[in-house]
>>> print(open('run23.cif').read())   # mmCIF, C-alpha atoms
data_start
loop_
_atom_site.group_PDB
_atom_site.id
_atom_site.type_symbol
_atom_site.label_atom_id
_atom_site.label_comp_id
_atom_site.auth_asym_id
_atom_site.auth_seq_id
_atom_site.Cartn_x
_atom_site.Cartn_y
_atom_site.Cartn_z
ATOM 1 C CA MET A 1 -53.973 199.260 33.412
ATOM 2 C CA PRO A 2 -53.058 197.015 36.371
ATOM 3 C CA ALA A 3 -56.077 197.900 38.479
ATOM 4 C CA THR A 4 -58.498 197.014 35.729
ATOM 5 C CA GLY A 5 -56.821 193.659 35.202
ATOM 6 C CA ASN A 6 -57.709 192.568 38.755
ATOM 7 C CA HIS A 7 -61.426 192.649 37.891
ATOM 8 C CA ARG A 8 -61.242 190.190 34.935
ATOM 9 C CA ARG A 9 -63.342 187.022 35.254
ATOM 10 C CA ARG A 10 -61.582 183.743 35.363
ATOM 11 C CA LYS A 11 -62.394 181.289 32.578
ATOM 12 C CA SER A 12 -64.429 178.309 33.665
ATOM 13 C CA SER A 13 -62.622 174.994 33.337
ATOM 14 C CA SER A 14 -63.962 172.390 30.978
ATOM 15 C CA LEU A 15 -64.805 170.217 34.006
ATOM 16 C CA SER A 16 -66.967 172.975 35.540
ATOM 17 C CA ARG A 17 -68.866 173.431 32.269
ATOM 18 C CA GLY A 18 -69.689 169.782 32.310
ATOM 19 C CA PHE A 19 -71.538 170.183 35.626
ATOM 20 C CA ILE A 20 -73.712 173.248 34.845
ATOM 21 C CA ALA A 21 -76.878 173.146 32.774
ATOM 22 C CA VAL A 22 -79.342 175.927 32.122
ATOM 23 C CA THR A 23 -83.031 175.170 32.579
ATOM 24 C CA ALA A 24 -86.181 177.305 32.313
ATOM 25 C CA GLY A 25 -85.923 178.064 36.023
ATOM 26 C CA GLY A 26 -82.215 178.908 35.984
ATOM 27 C CA ALA A 27 -78.996 177.018 36.485
ATOM 28 C CA ALA A 28 -79.156 173.423 37.704
ATOM 29 C CA LEU A 29 -76.659 170.733 38.587
ATOM 30 C CA ALA A 30 -76.341 168.084 35.861
ATOM 31 C CA LEU A 31 -74.945 164.544 36.061
ATOM 32 C CA PRO A 32 -71.202 164.412 35.639
ATOM 33 C CA VAL A 33 -70.132 163.713 32.106
ATOM 34 C CA ILE A 34 -67.434 161.364 33.274
ATOM 35 C CA GLY A 35 -69.992 159.273 35.145
ATOM 36 C CA ALA A 36 -72.165 158.788 32.057
ATOM 37 C CA THR A 37 -69.138 157.811 30.058
ATOM 38 C CA THR A 38 -68.198 155.194 32.629
ATOM 39 C CA ALA A 39 -71.739 153.749 32.728
ATOM 40 C CA SER A 40 -71.832 153.523 28.946
ATOM 41 C CA ALA A 41 -68.489 151.767 28.882
ATOM 42 C CA ALA A 42 -69.674 149.324 31.551
ATOM 43 C CA SER A 43 -72.755 148.439 29.485
ATOM 44 C CA VAL A 44 -70.691 147.749 26.384
ATOM 45 C CA GLN A 45 -68.269 145.650 28.380
ATOM 46 C CA SER A 46 -71.023 143.544 29.951
ATOM 47 C CA VAL A 47 -72.675 142.901 26.551
ATOM 48 C CA ALA A 48 -69.350 141.792 25.152
ATOM 49 C CA THR A 49 -68.855 139.513 28.136
ATOM 50 C CA VAL A 50 -72.306 137.911 27.678
ATOM 51 C CA THR A 51 -71.644 137.414 23.987
ATOM 52 C CA LYS A 52 -68.412 135.589 24.705
ATOM 53 C CA THR A 53 -70.134 133.393 27.279
ATOM 54 C CA VAL A 54 -73.201 132.444 25.170
ATOM 55 C CA ALA A 55 -71.456 131.780 21.848
ATOM 56 C CA PRO A 56 -69.562 128.613 22.892
ATOM 57 C CA ALA A 57 -72.782 127.123 24.386
ATOM 58 C CA ALA A 58 -74.186 126.450 20.895
ATOM 59 C CA ALA A 59 -71.290 124.126 19.988
ATOM 60 C CA PRO A 60 -72.546 120.971 21.816
ATOM 61 C CA ALA A 61 -75.737 121.003 19.700
ATOM 62 C CA LYS A 62 -73.852 119.242 16.891
ATOM 63 C CA GLY A 63 -72.871 116.490 19.263
ATOM 64 C CA ILE A 64 -76.506 116.014 20.331
ATOM 65 C CA ALA A 65 -77.737 115.883 16.738
ATOM 66 C CA ALA A 66 -75.067 113.337 15.863
ATOM 67 C CA ALA A 67 -76.070 111.164 18.797
ATOM 68 C CA LYS A 68 -79.688 111.103 17.606
ATOM 69 C CA THR A 69 -78.722 109.818 14.148
ATOM 70 C CA THR A 70 -76.410 107.099 15.461
ATOM 71 C CA PRO A 71 -77.962 103.697 14.595
ATOM 72 C CA SER A 72 -78.824 101.274 17.377
ATOM 73 C CA VAL A 73 -79.664 97.575 17.455
ATOM 74 C CA TYR A 74 -82.918 96.373 19.026
ATOM 75 C CA SER A 75 -83.616 92.754 19.946
ATOM 76 C CA VAL A 76 -87.245 91.741 19.350
ATOM 77 C CA ILE A 77 -89.140 90.318 22.327
ATOM 78 C CA ALA A 78 -92.433 88.432 22.534
ATOM 79 C CA GLY A 79 -95.424 90.681 21.854
ATOM 80 C CA ASP A 80 -93.457 93.204 19.779
ATOM 81 C CA THR A 81 -94.765 94.641 16.507
ATOM 82 C CA LEU A 82 -93.003 96.974 14.099
ATOM 83 C CA TYR A 83 -95.515 99.689 15.006
ATOM 84 C CA LYS A 84 -94.821 99.282 18.720
ATOM 85 C CA ILE A 85 -91.035 99.359 18.233
ATOM 86 C CA ALA A 86 -91.126 102.329 15.827
ATOM 87 C CA THR A 87 -93.367 104.315 18.172
ATOM 88 C CA GLY A 88 -91.255 103.511 21.227
ATOM 89 C CA HIS A 89 -88.052 104.624 19.489
ATOM 90 C CA SER A 90 -89.601 107.618 17.654
ATOM 91 C CA VAL A 91 -88.526 106.258 14.279
ATOM 92 C CA SER A 92 -88.872 108.884 11.564
ATOM 93 C CA GLY A 93 -91.172 107.402 8.930
ATOM 94 C CA GLY A 94 -92.871 105.036 11.408
ATOM 95 C CA TRP A 95 -93.069 101.265 11.157
ATOM 96 C CA GLN A 96 -92.911 101.430 7.353
ATOM 97 C CA GLN A 97 -89.426 102.989 7.467
ATOM 98 C CA LEU A 98 -88.344 100.516 10.162
ATOM 99 C CA TYR A 99 -89.486 97.651 7.913
ATOM 100 C CA GLN A 100 -87.658 99.038 4.865
ATOM 101 C CA ASP A 101 -84.458 99.419 6.904
ATOM 102 C CA ASN A 102 -84.679 95.785 8.098
ATOM 103 C CA ARG A 103 -86.440 94.033 5.198
ATOM 104 C CA GLU A 104 -83.596 91.566 4.700
ATOM 105 C CA VAL A 105 -83.867 90.472 8.340
ATOM 106 C CA ILE A 106 -87.680 90.402 8.587
ATOM 107 C CA GLY A 107 -88.526 88.920 5.220
ATOM 108 C CA ALA A 108 -91.482 89.516 2.906
ATOM 109 C CA ASP A 109 -94.172 89.884 5.594
ATOM 110 C CA PRO A 110 -93.802 92.905 7.934
ATOM 111 C CA ALA A 111 -96.473 91.437 10.215
ATOM 112 C CA VAL A 112 -94.209 88.514 11.127
ATOM 113 C CA ILE A 113 -91.312 89.327 13.472
ATOM 114 C CA ARG A 114 -89.892 86.770 15.878
ATOM 115 C CA PRO A 115 -88.305 87.121 19.329
ATOM 116 C CA GLY A 116 -84.532 87.365 19.041
ATOM 117 C CA MET A 117 -84.506 89.191 15.693
ATOM 118 C CA LYS A 118 -81.946 92.011 15.664
ATOM 119 C CA LEU A 119 -83.416 95.161 14.116
ATOM 120 C CA THR A 120 -81.250 98.154 13.280
ATOM 121 C CA ILE A 121 -82.860 101.498 14.088
ATOM 122 C CA GLY A 122 -81.667 104.534 12.127
ATOM 123 C CA ALA A 123 -79.081 102.711 9.997
ATOM 124 C CA LYS A 124 -80.566 103.360 6.581
ATOM 125 C CA ALA A 125 -81.062 107.080 7.236
ATOM 126 C CA GLU A 126 -77.383 107.423 8.219
ATOM 127 C CA THR A 127 -76.171 105.428 5.226
ATOM 128 C CA THR A 128 -78.258 107.537 2.870
ATOM 129 C CA ALA A 129 -76.888 110.748 4.358
ATOM 130 C CA ALA A 130 -73.264 109.560 4.239
ATOM 131 C CA GLU A 131 -73.400 107.879 0.852
ATOM 132 C CA PRO A 132 -76.044 109.470 -1.393
ATOM 133 C CA LYS A 133 -76.969 107.433 -4.441
ATOM 134 C CA PRO A 134 -76.064 108.857 -7.839
ATOM 135 C CA ALA A 135 -78.933 110.592 -9.632
ATOM 136 C CA ALA A 136 -78.495 108.245 -12.585
ATOM 137 C CA SER A 137 -79.573 105.257 -10.467
ATOM 138 C CA SER A 138 -83.137 106.591 -10.375
ATOM 139 C CA ALA A 139 -83.532 105.527 -14.004
ATOM 140 C CA THR A 140 -82.695 101.884 -13.230
ATOM 141 C CA PRO A 141 -86.248 100.703 -12.263
ATOM 142 C CA SER A 142 -87.635 101.841 -15.630
ATOM 143 C CA THR A 143 -85.431 99.293 -17.411
ATOM 144 C CA ALA A 144 -86.805 96.322 -15.437
ATOM 145 C CA LYS A 145 -89.170 94.183 -17.466
ATOM 146 C CA PRO A 146 -92.377 93.027 -15.733
ATOM 147 C CA VAL A 147 -92.778 89.281 -15.352
ATOM 148 C CA THR A 148 -95.657 87.846 -17.351
ATOM 149 C CA TYR A 149 -97.302 84.451 -16.967
ATOM 150 C CA THR A 150 -99.248 82.385 -19.443
ATOM 151 C CA ASN A 151 -102.967 82.006 -18.862
ATOM 152 C CA ASP A 152 -102.864 78.252 -18.358
ATOM 153 C CA LEU A 153 -102.102 75.748 -15.613
ATOM 154 C CA ASP A 154 -98.342 76.179 -15.986
ATOM 155 C CA GLY A 155 -98.615 79.983 -15.742
ATOM 156 C CA TRP A 156 -101.043 79.852 -12.794
ATOM 157 C CA ILE A 157 -98.733 77.614 -10.787
ATOM 158 C CA LYS A 158 -95.660 79.739 -11.533
ATOM 159 C CA GLU A 159 -97.455 82.965 -10.622
ATOM 160 C CA SER A 160 -98.729 81.382 -7.413
ATOM 161 C CA LEU A 161 -95.199 80.281 -6.503
ATOM 162 C CA ALA A 162 -94.016 83.890 -6.953
ATOM 163 C CA VAL A 163 -96.729 85.173 -4.607
ATOM 164 C CA MET A 164 -95.997 82.384 -2.115
ATOM 165 C CA ALA A 165 -92.304 83.305 -2.104
ATOM 166 C CA GLN A 166 -93.200 86.884 -1.159
ATOM 167 C CA HIS A 167 -95.202 85.634 1.822
ATOM 168 C CA GLY A 168 -92.910 82.823 2.924
ATOM 169 C CA ILE A 169 -95.356 80.031 2.012
ATOM 170 C CA PRO A 170 -93.575 76.751 1.188
ATOM 171 C CA GLY A 171 -94.384 74.584 -1.794
ATOM 172 C CA SER A 172 -92.989 73.329 -5.091
ATOM 173 C CA TYR A 173 -94.215 73.236 -8.666
ATOM 174 C CA ASP A 174 -94.428 69.428 -8.612
ATOM 175 C CA GLY A 175 -96.279 69.321 -5.286
ATOM 176 C CA ILE A 176 -98.885 71.834 -6.473
ATOM 177 C CA HIS A 177 -99.301 70.228 -9.904
ATOM 178 C CA ARG A 178 -99.720 66.748 -8.421
ATOM 179 C CA ASN A 179 -102.486 67.850 -6.041
ATOM 180 C CA ILE A 180 -104.281 69.920 -8.689
ATOM 181 C CA MET A 181 -104.491 66.956 -11.059
ATOM 182 C CA ARG A 182 -105.952 64.802 -8.294
ATOM 183 C CA GLU A 183 -108.457 67.400 -7.054
ATOM 184 C CA SER A 184 -109.719 69.065 -10.266
ATOM 185 C CA SER A 185 -107.803 67.684 -13.258
ATOM 186 C CA GLY A 186 -106.684 71.268 -13.910
ATOM 187 C CA ASN A 187 -110.202 72.774 -14.242
ATOM 188 C CA PRO A 188 -110.342 76.146 -12.380
ATOM 189 C CA ARG A 189 -114.183 76.060 -12.428
ATOM 190 C CA ALA A 190 -114.446 72.613 -10.851
ATOM 191 C CA ILE A 191 -116.947 72.260 -7.980
ATOM 192 C CA ASN A 192 -117.928 69.317 -5.771
ATOM 193 C CA ASN A 193 -121.686 69.260 -5.133
ATOM 194 C CA TRP A 194 -121.993 65.804 -3.615
ATOM 195 C CA ASP A 195 -119.629 65.342 -0.600
ATOM 196 C CA SER A 196 -120.175 66.191 3.078
ATOM 197 C CA ASN A 197 -118.981 69.768 2.589
ATOM 198 C CA ALA A 198 -121.535 70.302 -0.161
ATOM 199 C CA ALA A 199 -124.223 68.824 2.109
ATOM 200 C CA LYS A 200 -123.365 71.549 4.649
ATOM 201 C CA GLY A 201 -123.702 74.249 2.001
ATOM 202 C CA THR A 202 -119.965 74.820 1.462
ATOM 203 C CA PRO A 203 -118.947 72.889 -1.666
ATOM 204 C CA SER A 204 -115.270 72.573 -2.585
ATOM 205 C CA LYS A 205 -114.247 74.861 -5.464
ATOM 206 C CA GLY A 206 -111.462 75.543 -7.927
ATOM 207 C CA LEU A 207 -108.176 73.949 -8.853
ATOM 208 C CA LEU A 208 -107.370 72.695 -5.345
ATOM 209 C CA GLN A 209 -110.996 72.273 -4.203
ATOM 210 C CA VAL A 210 -111.120 74.755 -1.329
ATOM 211 C CA ILE A 211 -114.327 75.499 0.590
ATOM 212 C CA ASP A 212 -115.298 79.150 1.076
ATOM 213 C CA PRO A 213 -114.552 79.370 4.859
ATOM 214 C CA THR A 214 -111.051 77.942 4.333
ATOM 215 C CA PHE A 215 -110.430 80.209 1.348
ATOM 216 C CA LYS A 216 -111.362 83.318 3.355
ATOM 217 C CA ALA A 217 -109.322 82.251 6.382
ATOM 218 C CA TYR A 218 -106.168 81.537 4.366
ATOM 219 C CA HIS A 219 -106.596 84.062 1.555
ATOM 220 C CA VAL A 220 -103.247 85.633 0.616
ATOM 221 C CA PRO A 221 -103.198 89.462 0.312
ATOM 222 C CA GLY A 222 -102.632 90.700 -3.205
ATOM 223 C CA THR A 223 -104.664 87.934 -4.843
ATOM 224 C CA SER A 224 -108.298 87.920 -5.938
ATOM 225 C CA MET A 225 -111.111 87.321 -3.439
ATOM 226 C CA ASP A 226 -112.764 85.013 -5.992
ATOM 227 C CA PRO A 227 -112.228 81.365 -4.929
ATOM 228 C CA TYR A 228 -112.437 80.329 -8.588
ATOM 229 C CA ASP A 229 -109.501 82.583 -9.525
ATOM 230 C CA PRO A 230 -106.661 80.106 -10.277
ATOM 231 C CA VAL A 231 -103.829 81.999 -8.558
ATOM 232 C CA ALA A 232 -105.939 82.985 -5.539
ATOM 233 C CA ASN A 233 -107.209 79.403 -5.171
ATOM 234 C CA ILE A 234 -103.723 77.860 -5.347
ATOM 235 C CA THR A 235 -102.082 80.306 -2.922
ATOM 236 C CA ALA A 236 -104.900 80.045 -0.361
ATOM 237 C CA ALA A 237 -104.825 76.230 -0.539
ATOM 238 C CA CYS A 238 -101.027 76.157 -0.189
ATOM 239 C CA ASN A 239 -101.235 78.573 2.753
ATOM 240 C CA TYR A 240 -103.732 76.241 4.437
ATOM 241 C CA ALA A 241 -101.626 73.159 3.657
ATOM 242 C CA ALA A 242 -98.538 74.845 5.097
ATOM 243 C CA ALA A 243 -100.370 75.595 8.358
ATOM 244 C CA LYS A 244 -101.783 72.067 8.684
ATOM 245 C CA TYR A 245 -99.195 69.807 7.005
ATOM 246 C CA GLY A 246 -96.060 71.951 6.725
ATOM 247 C CA SER A 247 -96.308 72.223 2.935
ATOM 248 C CA ILE A 248 -98.530 71.303 -0.014
ATOM 249 C CA ASP A 249 -95.697 68.940 -0.934
ATOM 250 C CA ASN A 250 -96.671 66.775 2.056
ATOM 251 C CA VAL A 251 -100.264 66.306 0.812
ATOM 252 C CA PHE A 252 -100.960 63.082 -1.074
ATOM 253 C CA GLY A 253 -104.709 62.701 -0.598
ATOM 254 C CA ALA A 254 -107.834 64.468 0.621
ATOM 255 C CA TYR A 255 -106.891 67.338 2.883
#
>>> encode(input="run23.cif", output="structure tokens")
Amino acid sequence: MPATGNHRRRKSSSLSRGFIAVTAGGAALALPVIGATTASAASVQSVATVTKTVAPAAAPAKGIAAAKTTPSVYSVIAGDTLYKIATGHSVSGGWQQLYQDNREVIGADPAVIRPGMKLTIGAKAETTAAEPKPAASSATPSTAKPVTYTNDLDGWIKESLAVMAQHGIPGSYDGIHRNIMRESSGNPRAINNWDSNAAKGTPSKGLLQVIDPTFKAYHVPGTSMDPYDPVANITAACNYAAAKYGSIDNVFGAY
């Protein structure tokens, strides 16, 4: 019937339904659905934007790390020590690593560095990283035969020369042998109880007739602290002769 049709309710649009919410107290106005959707989209977009901005920032870190491992050359100045240089340049491994990296330049004694020496800082670490040694090379040291010396005058002199070479102390086999024969005739237990040194309570002892104060002052690390020990006596005497005469080879009489 046409009259009845005029009283039909109109259907609510989907947009209107999005704005009405039912609460315990009745109908209430809710936030627009379209607004929430926009806010959510904005949040996602801003996160994506931040991600794109932050990601490239991590790239320069490789450049910084590479710069830290780049070796540098340091020129030694008066008053320098390996410890001081290693600490000042934050050398990984300390002065011991710095010495190992520059052993060929410094020599056998890490305590002796001279102004003008050029020390490379960080070179060995970079070389090791770039060119790792084959695993098989680790077995090489086990094949090396230890050097042995005879327990006689010839062996004592040769062993002393080996120790002297490690510490940069000059001297020759002939120079040492000549002075030993004059001072003690090759007797490692020889002692002088009659000269002026003996009168002062410090008799000369051993192969090269060294008094105790001189032996202690010029004792070479790695040798015995016994002044009668042949190798310790020879190396200490040669160390003293080097400081006073330039070398035991320059000694031809009482010294």
>>> resolve_selection(input="run23.cif", expression="the PyMOL selection byres ((chain A and resi 75-88) around 10)", output="PDB file with C-alpha atoms, keeping the file's coordinate frame")
ATOM      1  CA  VAL A  73     -79.664  97.575  17.455  1.00  0.00           C
ATOM      2  CA  TYR A  74     -82.918  96.373  19.026  1.00  0.00           C
ATOM      3  CA  HIS A  89     -88.052 104.624  19.489  1.00  0.00           C
ATOM      4  CA  SER A  90     -89.601 107.618  17.654  1.00  0.00           C
ATOM      5  CA  VAL A  91     -88.526 106.258  14.279  1.00  0.00           C
ATOM      6  CA  SER A  92     -88.872 108.884  11.564  1.00  0.00           C
ATOM      7  CA  GLY A  93     -91.172 107.402   8.930  1.00  0.00           C
ATOM      8  CA  GLY A  94     -92.871 105.036  11.408  1.00  0.00           C
ATOM      9  CA  TRP A  95     -93.069 101.265  11.157  1.00  0.00           C
ATOM     10  CA  GLN A  96     -92.911 101.430   7.353  1.00  0.00           C
ATOM     11  CA  GLN A  97     -89.426 102.989   7.467  1.00  0.00           C
ATOM     12  CA  LEU A  98     -88.344 100.516  10.162  1.00  0.00           C
ATOM     13  CA  TYR A  99     -89.486  97.651   7.913  1.00  0.00           C
ATOM     14  CA  PRO A 110     -93.802  92.905   7.934  1.00  0.00           C
ATOM     15  CA  ALA A 111     -96.473  91.437  10.215  1.00  0.00           C
ATOM     16  CA  VAL A 112     -94.209  88.514  11.127  1.00  0.00           C
ATOM     17  CA  ILE A 113     -91.312  89.327  13.472  1.00  0.00           C
ATOM     18  CA  ARG A 114     -89.892  86.770  15.878  1.00  0.00           C
ATOM     19  CA  PRO A 115     -88.305  87.121  19.329  1.00  0.00           C
ATOM     20  CA  GLY A 116     -84.532  87.365  19.041  1.00  0.00           C
ATOM     21  CA  MET A 117     -84.506  89.191  15.693  1.00  0.00           C
ATOM     22  CA  LYS A 118     -81.946  92.011  15.664  1.00  0.00           C
ATOM     23  CA  LEU A 119     -83.416  95.161  14.116  1.00  0.00           C
ATOM     24  CA  THR A 120     -81.250  98.154  13.280  1.00  0.00           C
ATOM     25  CA  ILE A 121     -82.860 101.498  14.088  1.00  0.00           C
TER      26      ILE A 121
END
>>> residues_around(input="run23.cif", residues="Gly186 (chain A)", least_positions_apart="6", cutoff="10 Å", atoms="all atoms listed in the file", output="list in words")
Asp152, Leu153, Asp154, His177, Arg178, Asn179, Ile180, Gly206, Leu207, Leu208 and Pro230 of chain A
>>> atom_distance(input="run23.cif", atom1="CA of Met225 (chain A)", atom2="CA of Val210 (chain A)")
12.7 Å
>>> atom_distance(input="run23.cif", atom1="CA of Ser224 (chain A)", atom2="CA of Trp194 (chain A)")
26.1 Å
>>> closest_residue(input="run23.cif", among="A:Ala237, A:Gly122, A:Ile211, A:Ile106", to="Ser72 (chain A)", atoms="all atoms listed in the file")
A:Gly122
>>> closest_residue(input="run23.cif", among="A:Gly107, A:Pro203, A:Pro71, A:Gly253", to="Gly168 (chain A)", atoms="only C-alpha atoms")
A:Gly107
>>> atom_distance(input="run23.cif", atom1="CA of Gln100 (chain A)", atom2="CA of Val220 (chain A)")
21.0 Å
>>> closest_residue(input="run23.cif", among="A:Tyr245, A:Tyr149, A:Phe252, A:Tyr228", to="Arg189 (chain A)", atoms="all atoms listed in the file")
A:Tyr228
>>> residues_around(input="run23.cif", residues="Asp226 (chain A)", least_positions_apart="4", cutoff="10 Å", atoms="only C-alpha atoms", output="JSON list (two decimals) with C-alpha atoms, in the coordinates of the input")
[["chain", "number", "residue", "atom", "x", "y", "z"],
["A", 206, "GLY", "CA", -111.46, 75.54, -7.93],
["A", 212, "ASP", "CA", -115.30, 79.15, 1.08],
["A", 215, "PHE", "CA", -110.43, 80.21, 1.35],
["A", 216, "LYS", "CA", -111.36, 83.32, 3.36],
["A", 219, "HIS", "CA", -106.60, 84.06, 1.56],
["A", 230, "PRO", "CA", -106.66, 80.11, -10.28],
["A", 231, "VAL", "CA", -103.83, 82.00, -8.56],
["A", 232, "ALA", "CA", -105.94, 82.98, -5.54],
["A", 233, "ASN", "CA", -107.21, 79.40, -5.17]]
>>> axis_aligned_box(input="run23.cif", around="region 216-226 of chain A", padding_each_side="8 Å", output="JSON")
{"center_x": -107.7, "center_y": 86.1, "center_z": 0.2, "size_x": 26.1, "size_y": 25.2, "size_z": 28.4}
>>> closest_residue(input="run23.cif", among="A:Lys200, A:Lys205, A:Lys244, A:His167", to="Ala108 (chain A)", atoms="all atoms listed in the file")
A:His167
>>> residues_around(input="run23.cif", residues="Tyr218 (chain A)", least_positions_apart="3", cutoff="6 Å", atoms="only C-alpha atoms", output="PyMOL selection string")
chain A and resi 215+236+239-240
>>> residues_around(input="run23.cif", residues="Ile176 (chain A)", least_positions_apart="2", cutoff="9 Å", atoms="only C-alpha atoms", output="PDB file with C-alpha atoms, in the frame of the given file")
ATOM      1  CA  ILE A 157     -98.733  77.614 -10.787  1.00  0.00           C
ATOM      2  CA  GLY A 171     -94.384  74.584  -1.794  1.00  0.00           C
ATOM      3  CA  SER A 172     -92.989  73.329  -5.091  1.00  0.00           C
ATOM      4  CA  TYR A 173     -94.215  73.236  -8.666  1.00  0.00           C
ATOM      5  CA  ASP A 174     -94.428  69.428  -8.612  1.00  0.00           C
ATOM      6  CA  ARG A 178     -99.720  66.748  -8.421  1.00  0.00           C
ATOM      7  CA  ASN A 179    -102.486  67.850  -6.041  1.00  0.00           C
ATOM      8  CA  ILE A 180    -104.281  69.920  -8.689  1.00  0.00           C
ATOM      9  CA  MET A 181    -104.491  66.956 -11.059  1.00  0.00           C
ATOM     10  CA  LEU A 208    -107.370  72.695  -5.345  1.00  0.00           C
ATOM     11  CA  ILE A 234    -103.723  77.860  -5.347  1.00  0.00           C
ATOM     12  CA  CYS A 238    -101.027  76.157  -0.189  1.00  0.00           C
ATOM     13  CA  ILE A 248     -98.530  71.303  -0.014  1.00  0.00           C
ATOM     14  CA  ASP A 249     -95.697  68.940  -0.934  1.00  0.00           C
TER      15      ASP A 249
END
